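Undergrad: Pasting in a structure now, in structure tokens, and then I'll have a few things to ask.
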Amino acid sequence: MQLTVDYVTIERGGRLVIDSLSFRAKAGVALVITGPNGIGKSTLLRAIAGLVHVASGTLRLDGGEPERTLPESCHYFGHLDGLKSALSVQENVAFWQAFYGATAGQASVLDALNQVSLDHLADLPAAYLSAGQRRRLSLARLLVSHRPVWLLDEPTSALDAASEARLVDLVNAHLAQGGLVIAATHAPLAFHTLETLDLSNRVSA
Amino acid sequence: MQLTVDYVTIERGGRLVIDSLSFRAKAGVALVITGPNGIGKSTLLRAIAGLVHVASGTLRLDGGEPERTLPESCHYFGHLDGLKSALSVQENVAFWQAFYGATAGQASVLDALNQVSLDHLADLPAAYLSAGQRRRLSLARLLVSHRPVWLLDEPTSALDAASEARLVDLVNAHLAQGGLVIAATHAPLAFHTLETLDLSNRVSA
Amino acid sequence: MNVLDLGAHAGFIIASYAIFVLVVAGLIAWIWLDGIAQRRALAALEARGIRRRSDVTTSEPVAKIEPGDVRGVR
Amino acid sequence: MKPLIALFAREWRLSIRVGGGALMGALFFLIVVTVIPFGVGPDLALLARIGPAILWIGALLSTLLTLDRLFQGDRDDGALDLLLMGDTALELVVFIKCLAHWSATGLPLVIVAPCLALFMNMDPQAILATVLTLLVGTPALTFLGSIGAALTVSLRRGGVLSAILILPLTIPVLIFGVSAASSLLSGPAGFMTPFLILCGLALFSLVVGSVASAQALRLAAE
Amino acid sequence: MKPLIALFAREWRLSIRVGGGALMGALFFLIVVTVIPFGVGPDLALLARIGPAILWIGALLSTLLTLDRLFQGDRDDGALDLLLMGDTALELVVFIKCLAHWSATGLPLVIVAPCLALFMNMDPQAILATVLTLLVGTPALTFLGSIGAALTVSLRRGGVLSAILILPLTIPVLIFGVSAASSLLSGPAGFMTPFLILCGLALFSLVVGSVASAQALRLAAE
Amino acid sequence: MALVDFANPTRFVALTARVTPWLIALTIALFAVGLYGTALAPDDYQQGATVKIMFIHVPCAWLSMFVYATMAISSLGTLVWRHPLADVAARAGAPLGAAFTFVCLATGSLWGKPMWGTYWVWDARLTSELVLLIMYLGLIALWQTIEDPLKAARAVAVLTLVGVINLPIIKFSVDWWNTLHQPAAVFRMDGPTIDPSMLWPLLVMALAATCLFLTLHLLAMRNEILRRRVRTLRLMEAARPGVGSERSA
Ligand code: HEM
Ligand SMILES: Nc1ncnc2c1ncn2[C@@H]1O[C@H](COP(=O)(O)OP(=O)(O)OP(=O)(O)O)[C@@H](O)[C@H]1O
Ligand SMILES: Nc1ncnc2c1ncn2[C@@H]1O[C@H](COP(=O)(O)OP(=O)(O)OP(=O)(O)O)[C@@H](O)[C@H]1O
Ligand SMILES: [Mg+2]
Ligand SMILES: [Mg+2]
């Protein structure tokens with residue numbers, strides 16, 4: 001499986017943010033995107049997820065399920081958590097499992113909560129969680145439904161050391177299963193195999 | 001100047017989060033609070049800022065301006081930025097300067113934007129900023145109006161390496177001027193002088 | 001026949017034509033002034049050396065920096 | 001099917017737990033219906049005559065009041081992005097959200113309408129006709145209103161703006177709803193024609209509302 | 001003084017830029033008033049009679065539509081915490097916010113009311129009375145409504161509670177406003193009594209609104 | 001000149017510069033002829049001289065709908081082809097359409113007083129025309145609240161298309177509901193029922209008003225293109241790396 005990004009140009013609010021960028025991301029190797037604030041890391045991830053319009057260029061996933069579009073093959077883990085404070089921890093995850101379609105062989109809701117060490121809080125309203133706990137709850141969404149491409153935008157923000165190690169383990173496991181991971185980050189991450197794409201070397205604008 | 005926290009107990013959502021905690025924070029020395037997610041770091045900072053009710057115990061600032069309460073002596077820099085997307089970068093900072101009262105000898109709005117490297121974006125709506133730029137804009141608030149106590153909740157999240165260094169410089173300068181800094185963080189921070197308070201050693205929850 | 005004999009309801013007829021003329025005049029004035037304002041703003045920006053990318057790359061060589069052009073300097 | 005059921009259940013739960021929406025709408029409805037008689041004075045024959053119109057106007061205004069949060073919450077917490085990335089067509093997502101919203105806020109309104117109609121001295125036939133038209137018409141209002149909610153989702157506090165955008169579109173629904181409800185007195189024929197047109201409008205707005213809102217939400221995701 | 005002026009300017013700017021400000025409020029009001037004849041029918045005498053009630057309901061609705069985000073936005077982006085930590089008394093902050101909100105949304109409404117009254121065929125005296133009552137009454141609606149807005153912010157599931165608490169409070173204002181506005185025909189005495197009560201209610205709600213909202217917001221900070 | 005050239009904003013600006021003088025001349029000439037015919041036209045046996053209001057009222061009424069239809073077609077261009085000129089055309093059209101609608105309403109009211117004895121009745125055609133004005137104002141408002149013109153254009157396009165439903169309501173309101181207002185007299189299946197001595201000035205006035213619209217529209221579109229250019233340049237200026245900024249760090 002390979003994600004091919006060819007000559008992609010993105011404008012936001014009338015300004016050119018990404019100018020004719022090309023790269024490939026391969027299954028089994030994490031692609032880490034780095035660069036200073038405001039260079040366009042989040043924009044790039046959102047474009048892959050289909051959430052930002054691409055002015056020109058192509059995005060293509062080869063070797064995935066042919067009937068699914070690229071955004072439908074992606075899990076997006078961004079700055080916003082997509083959690084509902086009024087629902088319990090468990091209800092939050094269960095909804096995304098049902099909505100994205102539970103895949104055979106994926107973790108059950110309680111399994112996933114266990115993997116992000118939130119099982120003891122399963123029945124608490126999500127409003128009661130601390131910053132890092134919210135982040136982990138949002139991460140559980142990636143575990144209950146299989147999608148080959150993971151787009152992680154500063155995944156370790158607000159996480160403590162133990163949770164960060166857990167996250168790295170989860171990503172490594174996903175890579176080992178042939179998944180594709182693209183992560184934007186400022187902190188060095190200890191993925192087993194990784195390539196780095198430094199946006200600041202490319203864009204001059 | 002010294003902040004004294006004596007036997008403070010805090011409950012949130014019916015659960016005991018902080019149980020009879022005591023410590024002192026001295027001017028000129030940064031107090032770094034660490035501990036795993038959900039241990040109560042943010043809760044503690046918010047309690048000092050007067051934003052969370054303290055069930056029992058006392059919080060006292062000695063050596064500050066006597067006519068100001070503790071919350072009125074604090075700058076709180078938390079997860080949320082307090083920015084208005086519809087206002088320009090400059091208008092956002094200018095409002096907080098006027099509202100908190102411009103102190104003689106503090107940075108002007110443009111100075112402050114310069115210190116967080118956002119001066120070139122001064123007239124852009126805040127909606128256009130990236131995650132790290134928003135964070136830095138929020139930081140500019142601390143520079144335009146003097147308050148002796150800085151409460152920083154994961155101050156470096158979303159910041160790139162250069163901005164993180166800039167933040168550390170700003171904090172060091174505040175400490176050198178006799179300010180008081182309490183920071184909750186998961187990442188090691190290179191403050192000149194610092195003490196660490198590890199909440200996980202105290203509380204078992 | 002006197003063409004300007006408008007009968008008993010002359011006021012209404014004149015008012016109708018006057019409203020039409022006023023509204024059209026307003027539109028013309030607005031478009032005119034707006035055009036002037038935009039062109040002035042454009043000229044001011046160009047005087048400060050801000051140009052569109054396409055202008056820079058296609059219509060003039062990048063190396064040609066005129067006197068007083070402060071591009072890249074703040 | 002399962003994603004849609006899950007979505008419906010979530011929306012329903014949220015509007016029950018957080019809502020206020022449902023009750024707010026019903027209360028506002030009550031207020032509109034009680035205040036008009038104050039303006040009109042205690043002329044019972046007149047009240048009975050304009051009764052259906054007042055119920056309809058109350059329903060329209062209270063739908064507006066509750067609608068503007070339909071997509072706002074999901075946008076603010078990032079859930080909208082995730083909904084967009086699902087395999088489910090966005091049109092269906094919008095459809096289900098509107099349906100859940102209607103059953104939590106529109107349906108209660110239809111249910112209390114007969115009691116209020118009694119206050120207005122309306123006779124049983126007219127009450128039946130009004131409730132029928134409201135049952136068919138309020139979903140149309142919700143679906144048309146969702147377009148305004150979707151268009152203003154990227155602006156916080158879209159309240160008034162979305163109302164401005166939507167009210168002109170809802171006028172045909174209002175016209176046929178009221179004329180069906182108040183024309184029963186002149187025989188069943190006077191009722192059926194506008195009622196059938198109302199049904200047509202309702203079906204039409206189910207489709208147009210879902211499609212246009214989905215389109216607007218896609219644009220808002222940027 | 002300076003913090004308060006800055007706050008007023010900020011709120012004003014925000015409501016102009018995001019809400020569309022004066023134009024929107026007026027336009028919305030126009031639409032509400034346009035919708036009514038569709039329902040009630042084109043009977044000019046009837047329209048003139050229910051005119052004051054309709055204008056008042058329009059004012060209530062547009063206040064409610066814009067008000068619920070009065071504090072919500074500040075809470076969602078963390079600005080509320082920072083406002084709480086200022087040296088300015090929270091009651092004053094609330095007062096200024098409500099004032100800015102009223103002058104950006106309520107005042108334009110009062111200003112366009114006479115034109116709309118003409119559409120409804122109301123006579124000059126009734127128009128004057130309605131505008132007077134609206135001028136006194138809309139601030140009362142805003143300040144009372146702010147309590148609901150503050151409660152919604154503080155109780156995460158508070159929507160219901162705030163609706164239950166607030167709408168009933170606005171009913172007296174609405175009733176005295178409408179009866180003052182529409183009773184001018186029966187002589188100045190019929191106007192003065194409800195009008196004075198309305199003024200009393202308005203003063204009362206300025207105080208109660210600021211104090212109660214500030215108290216509710218303090219609880220919200222948790 | 002190929003259609004492709006026409007679709008390029010820069011070329012479009014150049015084109016307007018060449019075409020507008022001719023259009024202006026044509027508009028003035030048509031108005032001269034039309035007003036001459038208007039002055040000559042006989043009084044109506046029922047309406048007297050007030051029928052002269054028709055020569056303003058009816059062209060503006062037609063244009064109010066024609067402009068909306070133009071905007072709707074442009075909106076298709078925005079949504080389907082994402083063409084920047086389509087946005088510009090729709091945006092420049094809205095104030096013009098609102099103006100014509102306003103004139104139609106105002107002259108109609110002025111005509112109504114002598115004819116029907118009242119300035120305003122809540123009749124289907126009148127109200128639907130008022131609704132059209134409200135929709136124009138709503139579109140303008142939406143445009144002004146969304147800061148980013150591309151986003152705004154698409155949002156407005158969706159709404160414009162949904163609002164097309166109002167056009168047939170205005171057009172056929174006189175047939176569907178029995179109203180005070182005149183039924184169609186010019187555009188009907190069985191040919192115009194209006195006297196030729198009034199018909200030709202009416203048609204010339206309508207043509208003149210259409211030319212007026214085209215002229216103003218072209219100029220407003222040019223202004224809009226310039227406005228966007230200014231905005232882009234301002235943003236570029238704002239985003240230029242300053243001394244010690246992140247980009248140089
Ligand atoms: C505010 C009041 C009025 C409004 C909003 C209004 C609106 C309109 C509109 C929208 C049309 C175009 C309809 C179409 O193309 O089918 C129209 C046409 C026309 N109106 Fe009015 N009108 C008003 C008052 C009047 C009055 C008072 C008269 C004369 C007694 C009048 C006479 C006509 C005539 C003769 C036409 C041309 C019909 C045709 O040939 O299609 N209108 N009006
Ligand atoms: N609004 C709230 N209502 C009820 N309980 C809460 C609330 N916010 C946090 N809590 C609870 O208080 C405890 C401490 O939360 P706090 O946010 O202080 O943690 P933290 O140390 O800052 O964690 P993190 O590193 O994730 O930011 C958590 O167990 C959480 O469940
Ligand atoms: N919603 C938006 N509208 C307009 N412009 C935007 C928007 N969001 C971001 N931008 C602009 O796009 C550029 C890239 O932003 P982006 O969020 O992709 O940066 P980033 O690399 O993720 O930065 P950070 O490290 O701070 O998260 C920035 O210069 C920003 O000003
Ligand atoms: Mg980012
Ligand atoms: Mg925390």
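To be explicit about the labels: the chains of the structure tokens are called A, B, and onward in the order shown, and within each one the residues are counted from 1, while ligands get numbers from 1 in the order they are shown.
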Compute the post-superposition RMSD of the C-alpha atoms of chain D relative to chain E, with atoms paired in order and the fit done by least squares.

TA: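 Here the C-alpha RMSD works out to 1.8 Å.
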
Undergrad: Considering only strand (DSSP E or B) as DSSP defines it on the backbone, what residues of chain B qualify? List them as a ChimeraX atom specification.

TA: /B:2-12,15-26,30-34,56-62,74-77,88,125,149-153,180-184,194-198

Undergrad: Hey, list the chain A side of the contact with chain F: 9 Å cut-off, only C-alpha atoms, answer as JSON, numbers by chain.

TA: {"A": [12, 13, 14, 15, 16, 36, 37, 38, 39, 200, 204, 205]}

Undergrad: Write the residues you've just listed into a file as a PDB file, in the first residue's frame, and include all heavy atoms for each of them.

TA:
ATOM      1  N   ARG A  12      -5.257  28.570   1.581  1.00  0.00           N
ATOM      2  CA  ARG A  12      -6.221  28.767   2.666  1.00  0.00           C
ATOM      3  C   ARG A  12      -6.420  30.240   2.894  1.00  0.00           C
ATOM      4  O   ARG A  12      -5.451  30.980   3.045  1.00  0.00           O
ATOM      5  CB  ARG A  12      -5.728  28.130   3.969  1.00  0.00           C
ATOM      6  CG  ARG A  12      -5.649  26.637   3.878  1.00  0.00           C
ATOM      7  CD  ARG A  12      -5.430  26.043   5.240  1.00  0.00           C
ATOM      8  NE  ARG A  12      -6.692  25.881   5.947  1.00  0.00           N
ATOM      9  CZ  ARG A  12      -6.806  25.214   7.070  1.00  0.00           C
ATOM     10  NH1 ARG A  12      -5.748  24.673   7.622  1.00  0.00           N
ATOM     11  NH2 ARG A  12      -7.969  25.099   7.656  1.00  0.00           N
ATOM     12  N   GLY A  13      -7.665  30.640   2.946  1.00  0.00           N
ATOM     13  CA  GLY A  13      -7.964  32.049   3.182  1.00  0.00           C
ATOM     14  C   GLY A  13      -7.273  32.937   2.181  1.00  0.00           C
ATOM     15  O   GLY A  13      -6.827  34.022   2.507  1.00  0.00           O
ATOM     16  N   GLY A  14      -7.143  32.452   0.929  1.00  0.00           N
ATOM     17  CA  GLY A  14      -6.555  33.287  -0.110  1.00  0.00           C
ATOM     18  C   GLY A  14      -5.036  33.293  -0.110  1.00  0.00           C
ATOM     19  O   GLY A  14      -4.421  33.981  -0.908  1.00  0.00           O
ATOM     20  N   ARG A  15      -4.401  32.550   0.815  1.00  0.00           N
ATOM     21  CA  ARG A  15      -2.941  32.520   0.810  1.00  0.00           C
ATOM     22  C   ARG A  15      -2.444  31.143   0.419  1.00  0.00           C
ATOM     23  O   ARG A  15      -3.020  30.126   0.784  1.00  0.00           O
ATOM     24  CB  ARG A  15      -2.405  32.879   2.193  1.00  0.00           C
ATOM     25  CG  ARG A  15      -2.878  34.247   2.630  1.00  0.00           C
ATOM     26  CD  ARG A  15      -2.124  34.730   3.818  1.00  0.00           C
ATOM     27  NE  ARG A  15      -2.192  33.794   4.916  1.00  0.00           N
ATOM     28  CZ  ARG A  15      -1.219  33.624   5.788  1.00  0.00           C
ATOM     29  NH1 ARG A  15      -0.113  34.295   5.686  1.00  0.00           N
ATOM     30  NH2 ARG A  15      -1.374  32.775   6.771  1.00  0.00           N
ATOM     31  N   LEU A  16      -1.359  31.118  -0.294  1.00  0.00           N
ATOM     32  CA  LEU A  16      -0.786  29.858  -0.733  1.00  0.00           C
ATOM     33  C   LEU A  16      -0.084  29.235   0.468  1.00  0.00           C
ATOM     34  O   LEU A  16       0.857  29.816   1.013  1.00  0.00           O
ATOM     35  CB  LEU A  16       0.221  30.147  -1.845  1.00  0.00           C
ATOM     36  CG  LEU A  16       0.708  28.959  -2.622  1.00  0.00           C
ATOM     37  CD1 LEU A  16      -0.426  28.404  -3.454  1.00  0.00           C
ATOM     38  CD2 LEU A  16       1.854  29.372  -3.518  1.00  0.00           C
ATOM     39  N   PRO A  36       8.393  24.356  11.341  1.00  0.00           N
ATOM     40  CA  PRO A  36       7.961  25.329  12.350  1.00  0.00           C
ATOM     41  C   PRO A  36       6.467  25.573  12.320  1.00  0.00           C
ATOM     42  O   PRO A  36       5.770  25.177  11.384  1.00  0.00           O
ATOM     43  CB  PRO A  36       8.727  26.593  11.959  1.00  0.00           C
ATOM     44  CG  PRO A  36       9.079  26.415  10.528  1.00  0.00           C
ATOM     45  CD  PRO A  36       9.266  24.954  10.330  1.00  0.00           C
ATOM     46  N   ASN A  37       5.967  26.251  13.340  1.00  0.00           N
ATOM     47  CA  ASN A  37       4.541  26.584  13.420  1.00  0.00           C
ATOM     48  C   ASN A  37       4.097  27.341  12.181  1.00  0.00           C
ATOM     49  O   ASN A  37       4.780  28.247  11.721  1.00  0.00           O
ATOM     50  CB  ASN A  37       4.264  27.506  14.615  1.00  0.00           C
ATOM     51  CG  ASN A  37       4.420  26.804  15.953  1.00  0.00           C
ATOM     52  OD1 ASN A  37       4.856  27.398  16.906  1.00  0.00           O
ATOM     53  ND2 ASN A  37       4.064  25.536  16.007  1.00  0.00           N
ATOM     54  N   GLY A  38       2.948  26.958  11.676  1.00  0.00           N
ATOM     55  CA  GLY A  38       2.348  27.714  10.578  1.00  0.00           C
ATOM     56  C   GLY A  38       2.892  27.358   9.217  1.00  0.00           C
ATOM     57  O   GLY A  38       2.578  28.009   8.228  1.00  0.00           O
ATOM     58  N   ILE A  39       3.708  26.285   9.108  1.00  0.00           N
ATOM     59  CA  ILE A  39       4.288  25.962   7.810  1.00  0.00           C
ATOM     60  C   ILE A  39       3.294  25.183   6.956  1.00  0.00           C
ATOM     61  O   ILE A  39       3.390  25.160   5.742  1.00  0.00           O
ATOM     62  CB  ILE A  39       5.597  25.159   8.010  1.00  0.00           C
ATOM     63  CG1 ILE A  39       6.426  25.161   6.725  1.00  0.00           C
ATOM     64  CG2 ILE A  39       5.306  23.733   8.394  1.00  0.00           C
ATOM     65  CD1 ILE A  39       7.224  26.405   6.564  1.00  0.00           C
ATOM     66  N   SER A 200       9.929  22.717   6.113  1.00  0.00           N
ATOM     67  CA  SER A 200      10.622  24.007   6.063  1.00  0.00           C
ATOM     68  C   SER A 200      11.730  24.003   5.021  1.00  0.00           C
ATOM     69  O   SER A 200      12.162  25.052   4.567  1.00  0.00           O
ATOM     70  CB  SER A 200      11.186  24.364   7.430  1.00  0.00           C
ATOM     71  OG  SER A 200      12.008  23.312   7.874  1.00  0.00           O
ATOM     72  N   SER A 204       9.223  28.202   0.509  1.00  0.00           N
ATOM     73  CA  SER A 204       9.930  29.442   0.808  1.00  0.00           C
ATOM     74  C   SER A 204       8.974  30.562   1.180  1.00  0.00           C
ATOM     75  O   SER A 204       9.358  31.532   1.800  1.00  0.00           O
ATOM     76  CB  SER A 204      10.757  29.852  -0.399  1.00  0.00           C
ATOM     77  OG  SER A 204       9.879  30.130  -1.471  1.00  0.00           O
ATOM     78  N   ALA A 205       7.710  30.401   0.795  1.00  0.00           N
ATOM     79  CA  ALA A 205       6.752  31.514   0.916  1.00  0.00           C
ATOM     80  C   ALA A 205       6.690  32.090   2.315  1.00  0.00           C
ATOM     81  O   ALA A 205       6.572  31.360   3.270  1.00  0.00           O
ATOM     82  CB  ALA A 205       5.362  31.046   0.500  1.00  0.00           C
TER      83      ALA A 205
END

Undergrad: To one decimal place in Å, what is the distance between atom CA of B:Leu45 and atom CA of A:Gly82?

TA: 25.4 Å

Undergrad: Based on only C-alpha atoms, which of the residues in chain E come within 9 Å of chain F? I want them as a list in words.

TA: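 Selected residues: Ile16, Arg17, Val18, Gly19, Gly20, Leu23, Met24, Leu27, Leu30, Ile31, Thr34, Pro37, Phe38, Gly41, Pro42, Asp43, Leu44 and Phe119 of chain E.
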
Undergrad: Quick check: residues of chain D within 9 Å of chain E, only C-alpha atoms, returned as a ChimeraX atom specification.

TA: /D:17-25,27-28,31-32,35-41,49-54,56-57,61-62,64-66,68,76,155-161,163-164,167-168,171,174-175,177-179

Undergrad: Could you go through stretch 1-102 of chain B and tell me which residues DSSP, when run on the backbone, assigns to helix (DSSP H, G or I), listing them as a ChimeraX atom specification?

TA: /B:41-48,71-73,89-100

Undergrad: How about saving the chosen residues, N, CA, C and O atoms kept, as a PDB file, in the first residue's frame?

TA:
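And here is the file that came out, out.pdb:
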ATOM      1  N   LYS B  41      -2.983  18.162  38.018  1.00  0.00           N
ATOM      2  CA  LYS B  41      -2.112  19.316  37.785  1.00  0.00           C
ATOM      3  C   LYS B  41      -2.941  20.536  37.368  1.00  0.00           C
ATOM      4  O   LYS B  41      -2.834  21.617  37.961  1.00  0.00           O
ATOM      5  N   SER B  42      -3.765  20.339  36.350  1.00  0.00           N
ATOM      6  CA  SER B  42      -4.566  21.465  35.876  1.00  0.00           C
ATOM      7  C   SER B  42      -5.507  21.933  36.968  1.00  0.00           C
ATOM      8  O   SER B  42      -5.716  23.135  37.163  1.00  0.00           O
ATOM      9  N   THR B  43      -6.068  20.984  37.692  1.00  0.00           N
ATOM     10  CA  THR B  43      -6.977  21.337  38.777  1.00  0.00           C
ATOM     11  C   THR B  43      -6.289  22.241  39.785  1.00  0.00           C
ATOM     12  O   THR B  43      -6.848  23.255  40.217  1.00  0.00           O
ATOM     13  N   LEU B  44      -5.055  21.890  40.121  1.00  0.00           N
ATOM     14  CA  LEU B  44      -4.319  22.680  41.103  1.00  0.00           C
ATOM     15  C   LEU B  44      -4.091  24.104  40.587  1.00  0.00           C
ATOM     16  O   LEU B  44      -4.319  25.088  41.297  1.00  0.00           O
ATOM     17  N   LEU B  45      -3.657  24.223  39.337  1.00  0.00           N
ATOM     18  CA  LEU B  45      -3.413  25.551  38.779  1.00  0.00           C
ATOM     19  C   LEU B  45      -4.698  26.363  38.747  1.00  0.00           C
ATOM     20  O   LEU B  45      -4.711  27.554  39.080  1.00  0.00           O
ATOM     21  N   ARG B  46      -5.786  25.727  38.344  1.00  0.00           N
ATOM     22  CA  ARG B  46      -7.054  26.454  38.279  1.00  0.00           C
ATOM     23  C   ARG B  46      -7.515  26.871  39.677  1.00  0.00           C
ATOM     24  O   ARG B  46      -8.147  27.921  39.843  1.00  0.00           O
ATOM     25  N   ALA B  47      -7.199  26.056  40.673  1.00  0.00           N
ATOM     26  CA  ALA B  47      -7.569  26.423  42.036  1.00  0.00           C
ATOM     27  C   ALA B  47      -6.796  27.665  42.467  1.00  0.00           C
ATOM     28  O   ALA B  47      -7.353  28.577  43.079  1.00  0.00           O
ATOM     29  N   ILE B  48      -5.509  27.709  42.121  1.00  0.00           N
ATOM     30  CA  ILE B  48      -4.725  28.897  42.483  1.00  0.00           C
ATOM     31  C   ILE B  48      -5.287  30.125  41.767  1.00  0.00           C
ATOM     32  O   ILE B  48      -5.362  31.220  42.329  1.00  0.00           O
ATOM     33  N   PRO B  71      -6.162  35.588  42.751  1.00  0.00           N
ATOM     34  CA  PRO B  71      -6.443  35.469  41.302  1.00  0.00           C
ATOM     35  C   PRO B  71      -6.096  36.746  40.535  1.00  0.00           C
ATOM     36  O   PRO B  71      -5.672  36.672  39.383  1.00  0.00           O
ATOM     37  N   GLU B  72      -6.249  37.901  41.194  1.00  0.00           N
ATOM     38  CA  GLU B  72      -5.948  39.146  40.479  1.00  0.00           C
ATOM     39  C   GLU B  72      -4.455  39.352  40.302  1.00  0.00           C
ATOM     40  O   GLU B  72      -4.037  40.255  39.581  1.00  0.00           O
ATOM     41  N   SER B  73      -3.651  38.543  40.983  1.00  0.00           N
ATOM     42  CA  SER B  73      -2.209  38.648  40.811  1.00  0.00           C
ATOM     43  C   SER B  73      -1.670  37.606  39.836  1.00  0.00           C
ATOM     44  O   SER B  73      -0.455  37.514  39.645  1.00  0.00           O
ATOM     45  N   VAL B  89      -5.256  39.695  15.149  1.00  0.00           N
ATOM     46  CA  VAL B  89      -4.223  39.318  16.116  1.00  0.00           C
ATOM     47  C   VAL B  89      -3.966  40.463  17.086  1.00  0.00           C
ATOM     48  O   VAL B  89      -3.958  40.288  18.313  1.00  0.00           O
ATOM     49  N   GLN B  90      -3.811  41.659  16.531  1.00  0.00           N
ATOM     50  CA  GLN B  90      -3.498  42.813  17.364  1.00  0.00           C
ATOM     51  C   GLN B  90      -4.662  43.168  18.293  1.00  0.00           C
ATOM     52  O   GLN B  90      -4.458  43.436  19.478  1.00  0.00           O
ATOM     53  N   GLU B  91      -5.883  43.143  17.754  1.00  0.00           N
ATOM     54  CA  GLU B  91      -7.043  43.488  18.571  1.00  0.00           C
ATOM     55  C   GLU B  91      -7.188  42.532  19.750  1.00  0.00           C
ATOM     56  O   GLU B  91      -7.571  42.934  20.857  1.00  0.00           O
ATOM     57  N   ASN B  92      -6.888  41.258  19.517  1.00  0.00           N
ATOM     58  CA  ASN B  92      -6.973  40.291  20.599  1.00  0.00           C
ATOM     59  C   ASN B  92      -6.075  40.681  21.763  1.00  0.00           C
ATOM     60  O   ASN B  92      -6.522  40.725  22.910  1.00  0.00           O
ATOM     61  N   VAL B  93      -4.824  40.973  21.469  1.00  0.00           N
ATOM     62  CA  VAL B  93      -3.897  41.318  22.552  1.00  0.00           C
ATOM     63  C   VAL B  93      -4.278  42.657  23.174  1.00  0.00           C
ATOM     64  O   VAL B  93      -4.255  42.812  24.399  1.00  0.00           O
ATOM     65  N   ALA B  94      -4.649  43.614  22.321  1.00  0.00           N
ATOM     66  CA  ALA B  94      -4.958  44.949  22.832  1.00  0.00           C
ATOM     67  C   ALA B  94      -6.117  44.887  23.819  1.00  0.00           C
ATOM     68  O   ALA B  94      -6.125  45.591  24.828  1.00  0.00           O
ATOM     69  N   PHE B  95      -7.092  44.015  23.550  1.00  0.00           N
ATOM     70  CA  PHE B  95      -8.204  43.926  24.487  1.00  0.00           C
ATOM     71  C   PHE B  95      -7.721  43.493  25.855  1.00  0.00           C
ATOM     72  O   PHE B  95      -8.074  44.097  26.866  1.00  0.00           O
ATOM     73  N   TRP B  96      -6.922  42.449  25.913  1.00  0.00           N
ATOM     74  CA  TRP B  96      -6.500  41.964  27.234  1.00  0.00           C
ATOM     75  C   TRP B  96      -5.608  42.977  27.935  1.00  0.00           C
ATOM     76  O   TRP B  96      -5.634  43.106  29.159  1.00  0.00           O
ATOM     77  N   GLN B  97      -4.839  43.726  27.144  1.00  0.00           N
ATOM     78  CA  GLN B  97      -4.040  44.770  27.774  1.00  0.00           C
ATOM     79  C   GLN B  97      -4.943  45.801  28.448  1.00  0.00           C
ATOM     80  O   GLN B  97      -4.743  46.158  29.607  1.00  0.00           O
ATOM     81  N   ALA B  98      -5.976  46.243  27.718  1.00  0.00           N
ATOM     82  CA  ALA B  98      -6.867  47.251  28.286  1.00  0.00           C
ATOM     83  C   ALA B  98      -7.651  46.683  29.458  1.00  0.00           C
ATOM     84  O   ALA B  98      -7.863  47.347  30.468  1.00  0.00           O
ATOM     85  N   PHE B  99      -8.089  45.417  29.331  1.00  0.00           N
ATOM     86  CA  PHE B  99      -8.943  44.858  30.369  1.00  0.00           C
ATOM     87  C   PHE B  99      -8.171  44.591  31.656  1.00  0.00           C
ATOM     88  O   PHE B  99      -8.666  44.843  32.748  1.00  0.00           O
ATOM     89  N   TYR B 100      -6.947  44.078  31.525  1.00  0.00           N
ATOM     90  CA  TYR B 100      -6.154  43.808  32.721  1.00  0.00           C
ATOM     91  C   TYR B 100      -5.440  45.056  33.211  1.00  0.00           C
ATOM     92  O   TYR B 100      -4.844  45.046  34.285  1.00  0.00           O
TER      93      TYR B 100
END

Undergrad: Residues near A:Leu3, anyone? I mean within 10 Å using only C-alpha atoms, not counting same-chain ones fewer than 5 positions away, as a list of chain:residue names.

TA: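 My list of contacting residues is A:Phe23, A:Arg24, A:Ala25, A:Lys26, A:Ala27, A:Ile48, A:Leu59, A:Arg60, A:Leu61, A:Asp62, A:Gly63, A:Gly64, A:Leu70, A:Val149, A:Leu180, A:Ile182.
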